[in-house]
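Engineer: Input: one structure, supplied below.
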Amino acid sequence: MGTDLAGKSVLVTGASIGIGRETALRFAAAGCRVALTYFEHRAEAEEVVQRCLGLGAPDAFAVSLQLADEDSICTLLERVIDRYGALDILINNAGVISWKPLLEQDFGELDTQVNVNLLGVMKLTWCFLPLLTDAVITVGSTATLHQSRTPPPYCATKWGLRGFVKALAVEHPDKLIASVHPTVTATRMNDMQGMSPERVADVIYRIAAGEIEVEPGGDVDLRDYPNE
Ligand SMILES: NC(=O)c1ccc[n+]([C@@H]2O[C@H](COP(=O)([O-])OP(=O)(O)OC[C@H]3O[C@@H](n4cnc5c(N)ncnc54)[C@H](OP(=O)(O)O)[C@@H]3O)[C@@H](O)[C@H]2O)c1
């Protein structure tokens, strides 16, 4: 039996498209207030806001976020504090990948993946933790659960993130802190091939609602929740 999340405030990063968009819509449909971020797709994010409101979210708004930029993270924090005062649930979803072997990537691509996927997520979590009441759910990858053909720099960022989540859960045992690991999912990142992003979003929601149990800092593997 899960918890009713209606009225909770939720921040979903990278919610203009893909897994983040479906996650924002899933929480909206449950009556949550939804803050969502975009990087390049502002119009798509504003459309997600309208869809959230149409699904019954009492509030929804979109904020620009560049995870590689500290000022951008601080601005997001200010916007969320102004609107909600505190935050109940943080979904660290935004991420990037360079789909090339290591030696075909330049140093700038390595920097971007580390700065967005790992450092950016750590900084954003650092900013929001003091005002966070319930949960931090971070989107990793099954590439951290088994050896895969996923390029090494992206793998390294997601392995780092998984370690961050495990250690964070020890420091904050009062909160639900966990990783969720999508397998190949049909989004822009993966050429629209694979599992449905709605399925991933539903699993993220069920973790937050306590319908899927996970140990502190633990891992939820989407391969255990195939498309129905
Ligand atoms: N798709 C898969 O097969 C798969 C598998 C395992 C894990 N994942 C993980 O799932 C998460 C969501 O991926 P997805 O497949 O939904 O990818 P996606 O469709 O490419 O969406 C990525 C989201 O991240 C945002 N973003 C990109 N660069 C950013 C930056 N520098 N700062 C802040 N936000 C930024 C994008 O914003 P704009 O669109 O507005 O630019 C977009 O909303 C990622 O963490 C990814 O690593 C995906």
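Just so we're on the same page: first chain in the structure tokens is A, next is B, and so on; residues restart at 1 for each chain, and ligands are numbered from 1 in the order they show up.
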Give one line per residue of chain A that approaches ligand 1 to at most 7 Å, naming the two atoms of the closest pair and their distance in Å to one decimal, counting only C-alpha atoms and all ligand atoms; sort by chain then ascending residue number and deliver it as a tab-separated table.

Structural biologist:
residue	atom	partner	partner_atom_place_in_ligand_line	distance
A:Thr13	CA	ligand 1	34 (N)	6.5
A:Gly14	CA	ligand 1	43 (O)	3.1
A:Ala15	CA	ligand 1	43 (O)	4.5
A:Ser16	CA	ligand 1	43 (O)	4.3
A:Ile17	CA	ligand 1	43 (O)	4.9
A:Gly18	CA	ligand 1	16 (O)	3.5
A:Ile19	CA	ligand 1	16 (O)	3.8
A:Gly20	CA	ligand 1	16 (O)	5.6
A:Thr37	CA	ligand 1	34 (N)	6.9
A:Tyr38	CA	ligand 1	40 (O)	3.8
A:Phe39	CA	ligand 1	40 (O)	3.6
A:Glu40	CA	ligand 1	41 (O)	3.6
A:His41	CA	ligand 1	40 (O)	3.6
A:Arg42	CA	ligand 1	40 (O)	6.1
A:Leu65	CA	ligand 1	33 (C)	4.9
A:Gln66	CA	ligand 1	32 (N)	3.6
A:Leu67	CA	ligand 1	32 (N)	3.9
A:Ala68	CA	ligand 1	31 (N)	5.7
A:Asn93	CA	ligand 1	45 (O)	4.7
A:Ala94	CA	ligand 1	24 (O)	3.6
A:Gly95	CA	ligand 1	45 (O)	3.7
A:Val96	CA	ligand 1	28 (N)	5.5
A:Ile97	CA	ligand 1	47 (O)	6.8
A:Val116	CA	ligand 1	31 (N)	5.3
A:Asn117	CA	ligand 1	45 (O)	6.9
A:Val139	CA	ligand 1	45 (O)	5.3
A:Gly140	CA	ligand 1	7 (C)	5.5
A:Ser141	CA	ligand 1	6 (C)	4.1
A:Thr142	CA	ligand 1	6 (C)	6.3
A:His181	CA	ligand 1	7 (C)	6.2
A:Pro182	CA	ligand 1	6 (C)	4.3
A:Thr183	CA	ligand 1	5 (C)	4.9
A:Val184	CA	ligand 1	3 (O)	3.6
A:Thr185	CA	ligand 1	3 (O)	3.7
A:Ala186	CA	ligand 1	1 (N)	5.8
A:Thr187	CA	ligand 1	19 (O)	4.7
A:Arg188	CA	ligand 1	19 (O)	4.3
A:Met189	CA	ligand 1	20 (O)	4.2
A:Asn190	CA	ligand 1	1 (N)	4.8
A:Gly194	CA	ligand 1	3 (O)	6.9

Engineer: Can you pull out the residues contacting Thr3 in chain A? Cut-off 8 Å, using only C-alpha atoms, and skip same-chain residues under 4 positions away; I want them as a list in words.

Structural biologist: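 The contact residues come out as Ala209, Gly210 and Glu211 of chain A.
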
Engineer: Between A:Ile137, A:Ala29, A:Arg149, A:Trp159, which residue has the minimum interatomic distance to Val214 in chain A, considering only C-alpha atoms?

Structural biologist: A:Ile137

Engineer: Excluding Glu22 in chain A and its own-chain neighbours fewer than 4 positions away, which residues fall within 9 Å of it when counting only C-alpha atoms? Please give them as number ranges by chain.

Structural biologist: A: 15, 17-18, 26-27, 48, 197-202

Engineer: What does the file look like for those residues with N, CA and C atoms, as a CSV table (one decimal), in the first residue's frame?

Structural biologist:
chain,number,residue,atom,x,y,z
A,15,ALA,N,12.9,17.6,-17.9
A,15,ALA,CA,11.5,17.1,-18.1
A,15,ALA,C,10.9,17.7,-19.4
A,17,ILE,N,11.4,16.5,-22.4
A,17,ILE,CA,11.2,15.4,-23.3
A,17,ILE,C,11.6,14.1,-22.5
A,18,GLY,N,11.4,13.0,-23.1
A,18,GLY,CA,11.9,11.7,-22.6
A,18,GLY,C,11.4,11.2,-21.3
A,26,ARG,N,3.4,11.9,-14.8
A,26,ARG,CA,3.0,10.8,-13.8
A,26,ARG,C,2.7,11.5,-12.4
A,27,PHE,N,3.6,12.3,-12.0
A,27,PHE,CA,3.4,12.9,-10.7
A,27,PHE,C,2.2,13.9,-10.7
A,48,VAL,N,4.7,20.7,-21.6
A,48,VAL,CA,4.6,19.7,-20.5
A,48,VAL,C,3.9,20.4,-19.3
A,197,PRO,N,9.2,5.2,-22.1
A,197,PRO,CA,9.6,6.1,-21.0
A,197,PRO,C,8.5,6.2,-20.0
A,198,GLU,N,7.2,5.9,-20.4
A,198,GLU,CA,6.1,6.0,-19.4
A,198,GLU,C,6.3,4.9,-18.4
A,199,ARG,N,6.8,3.7,-18.8
A,199,ARG,CA,7.1,2.6,-17.9
A,199,ARG,C,8.1,3.1,-16.8
A,200,VAL,N,9.2,3.7,-17.3
A,200,VAL,CA,10.2,4.1,-16.4
A,200,VAL,C,9.6,5.2,-15.4
A,201,ALA,N,8.8,6.1,-15.9
A,201,ALA,CA,8.2,7.1,-15.1
A,201,ALA,C,7.3,6.5,-14.0
A,202,ASP,N,6.6,5.5,-14.4
A,202,ASP,CA,5.7,4.8,-13.5
A,202,ASP,C,6.5,4.2,-12.3

Engineer: Considering only C-alpha atoms, return as a list in words whatever protein or nucleic-acid residues lie within 12 Å of Glu171 in chain A, sequence-local ones (same chain, fewer than 5 positions apart) excluded.

Structural biologist: Leu129, Phe164, Val165, Lys166, Leu176, Ile177, Pro216 and Gly217 of chain A

Engineer: With DSSP run on the backbone, what are the strand (DSSP E) residues within range 111-186 of chain A? I'd like them as a short mmCIF file (atom, residue, chain, number, x, y, z; two decimals) with N, CA and C atoms, in the first residue's frame.

Structural biologist:
data_model
loop_
_atom_site.label_atom_id
_atom_site.label_comp_id
_atom_site.auth_asym_id
_atom_site.auth_seq_id
_atom_site.Cartn_x
_atom_site.Cartn_y
_atom_site.Cartn_z
N LEU A 132 14.69 19.85 1.56
CA LEU A 132 13.99 18.68 1.06
C LEU A 132 13.40 17.84 2.19
N THR A 133 12.13 17.48 2.07
CA THR A 133 11.48 16.75 3.17
C THR A 133 11.46 15.23 2.98
N ASP A 134 11.21 14.75 1.76
CA ASP A 134 10.88 13.32 1.62
C ASP A 134 11.90 12.45 0.87
N ALA A 135 12.20 12.80 -0.37
CA ALA A 135 12.90 11.81 -1.20
C ALA A 135 13.79 12.43 -2.27
N VAL A 136 14.89 11.72 -2.54
CA VAL A 136 15.73 12.03 -3.71
C VAL A 136 15.84 10.74 -4.52
N ILE A 137 15.31 10.77 -5.73
CA ILE A 137 15.42 9.61 -6.61
C ILE A 137 16.26 10.02 -7.82
N THR A 138 17.32 9.28 -8.05
CA THR A 138 18.28 9.66 -9.08
C THR A 138 18.27 8.62 -10.19
N VAL A 139 18.22 9.12 -11.43
CA VAL A 139 18.17 8.23 -12.58
C VAL A 139 19.59 7.86 -12.99
N LEU A 176 14.02 9.10 1.81
CA LEU A 176 14.04 8.01 0.84
C LEU A 176 15.05 8.42 -0.24
N ILE A 177 16.17 7.72 -0.28
CA ILE A 177 17.22 8.07 -1.26
C ILE A 177 17.59 6.81 -2.02
N ALA A 178 17.42 6.86 -3.35
CA ALA A 178 17.62 5.65 -4.15
C ALA A 178 17.97 5.99 -5.59
N SER A 179 18.49 4.98 -6.28
CA SER A 179 18.74 5.10 -7.72
C SER A 179 17.75 4.23 -8.47
N VAL A 180 17.35 4.73 -9.63
CA VAL A 180 16.53 3.92 -10.53
C VAL A 180 17.29 3.80 -11.84
N HIS A 181 17.39 2.57 -12.35
CA HIS A 181 18.27 2.32 -13.49
C HIS A 181 17.48 1.87 -14.72
#

Engineer: DSSP on the backbone: which residues in range 22-75 of chain A end up as helix (DSSP H, G or I)? Give the answer as a list in words.

Structural biologist: Glu22, Thr23, Ala24, Leu25, Arg26, Phe27, Ala28, Ala29, Arg42, Ala43, Glu44, Ala45, Glu46, Glu47, Val48, Val49, Gln50, Arg51, Cys52, Leu53, Gly54, Glu70, Asp71, Ser72, Ile73, Cys74 and Thr75 of chain A

Engineer: Quote the spacing between CA of Arg79 in chain A and CA of Ala30 in chain A in Å to one decimal place.

Structural biologist: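 Computed distance, CA of Arg79 in chain A to CA of Ala30 in chain A, equals 22.7 Å.
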
Engineer: Find the spatial neighbours of Ala6 in chain A, counting only C-alpha atoms, within a cut-off of 12 Å - ignore same-chain residues fewer than 3 positions away - and output them as a compact mmCIF listing (two decimals) with C-alpha atoms, in the first residue's frame.

Structural biologist:
# COMPACT_ATOMS: atom_id res chain seq x y z
CA GLY A 2 1.65 3.25 -1.10
CA THR A 3 1.43 6.81 0.16
CA SER A 9 5.94 19.36 -4.44
CA VAL A 10 8.18 17.57 -6.92
CA ARG A 26 2.97 10.85 -13.82
CA PHE A 27 3.39 12.95 -10.67
CA ALA A 28 0.98 15.55 -12.05
CA ALA A 29 -1.66 12.88 -12.62
CA ALA A 30 -1.30 11.98 -8.93
CA GLY A 31 -2.08 15.57 -7.91
CA CYS A 32 1.47 16.73 -7.17
CA ARG A 33 2.76 20.25 -7.69
CA VAL A 34 5.42 19.98 -10.36
CA GLY A 56 -4.85 17.81 -12.38
CA ALA A 57 -1.59 19.13 -10.96
CA PRO A 58 -2.49 22.02 -8.60
CA ASP A 59 0.58 23.85 -9.90
CA ASP A 88 9.17 17.26 -0.99
CA ILE A 89 10.63 15.15 -3.78
CA TYR A 205 6.52 7.33 -9.14
CA ALA A 208 8.44 7.75 -4.37
CA ALA A 209 5.02 6.54 -3.22

Engineer: In Å, how far is it from CA of Phe128 in chain A to CA of Cys155 in chain A?

Structural biologist: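 We find that CA of Phe128 in chain A and CA of Cys155 in chain A lie 25.1 Å from each other.
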
Engineer: Restricting the calculation to only C-alpha atoms: of A:Asp224, A:Glu44, A:Asp219, A:Glu70, which residue gets closest to Gly120 in chain A?

Structural biologist: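 Nearest candidate to Gly120 in chain A out of A:Asp224, A:Glu44, A:Asp219, A:Glu70: A:Glu70.
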
Engineer: What is the CA of Pro173 in chain A-CA of Ser72 in chain A distance in Å, reported with one decimal?

Structural biologist: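 These two atoms are separated by 28.6 Å.
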
Engineer: Would you kindly return, as a list in words, each protein, DNA or RNA residue with an atom no farther than 9 Å from any atom of Ala156 in chain A, considering only C-alpha atoms and excluding same-chain residues fewer than 4 positions away?

Structural biologist: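 Using only C-alpha atoms, the neighbours found are Val114, Leu118, Thr144, Pro151, Pro152, Gly160 and Leu161 of chain A.
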
Engineer: Name the residues in contact with range 106-109 of chain A at a cut-off of 10 Å, using only C-alpha atoms, excluding same-chain residues fewer than 6 positions from it; report them as a list in words.

Structural biologist: Val96, Ile97, Ser98, Lys100, Asn115, Pro153 and Tyr154 of chain A

Engineer: For N, CA and C atoms, I'd like the residues from the last selection saved as a PDB file, in the first residue's frame.

Structural biologist:
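Result written to selection.pdb:
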ATOM      1  N   VAL A  96      23.199  13.524 -20.116  1.00  0.00           N
ATOM      2  CA  VAL A  96      23.652  13.560 -21.514  1.00  0.00           C
ATOM      3  C   VAL A  96      24.605  12.398 -21.781  1.00  0.00           C
ATOM      4  N   ILE A  97      24.722  12.078 -23.071  1.00  0.00           N
ATOM      5  CA  ILE A  97      25.652  11.014 -23.463  1.00  0.00           C
ATOM      6  C   ILE A  97      26.294  11.375 -24.792  1.00  0.00           C
ATOM      7  N   SER A  98      27.548  11.027 -24.973  1.00  0.00           N
ATOM      8  CA  SER A  98      28.177  11.068 -26.295  1.00  0.00           C
ATOM      9  C   SER A  98      28.309   9.617 -26.739  1.00  0.00           C
ATOM     10  N   LYS A 100      29.908   7.721 -28.598  1.00  0.00           N
ATOM     11  CA  LYS A 100      31.104   7.418 -29.397  1.00  0.00           C
ATOM     12  C   LYS A 100      32.093   6.680 -28.518  1.00  0.00           C
ATOM     13  N   ASN A 115      30.455  17.050 -16.007  1.00  0.00           N
ATOM     14  CA  ASN A 115      29.881  18.268 -15.416  1.00  0.00           C
ATOM     15  C   ASN A 115      28.355  18.221 -15.315  1.00  0.00           C
ATOM     16  N   PRO A 153      32.963   7.104 -20.820  1.00  0.00           N
ATOM     17  CA  PRO A 153      32.775   8.344 -20.029  1.00  0.00           C
ATOM     18  C   PRO A 153      31.388   8.426 -19.398  1.00  0.00           C
ATOM     19  N   TYR A 154      30.361   8.103 -20.175  1.00  0.00           N
ATOM     20  CA  TYR A 154      28.989   8.109 -19.634  1.00  0.00           C
ATOM     21  C   TYR A 154      28.884   7.083 -18.512  1.00  0.00           C
TER      22      TYR A 154
END
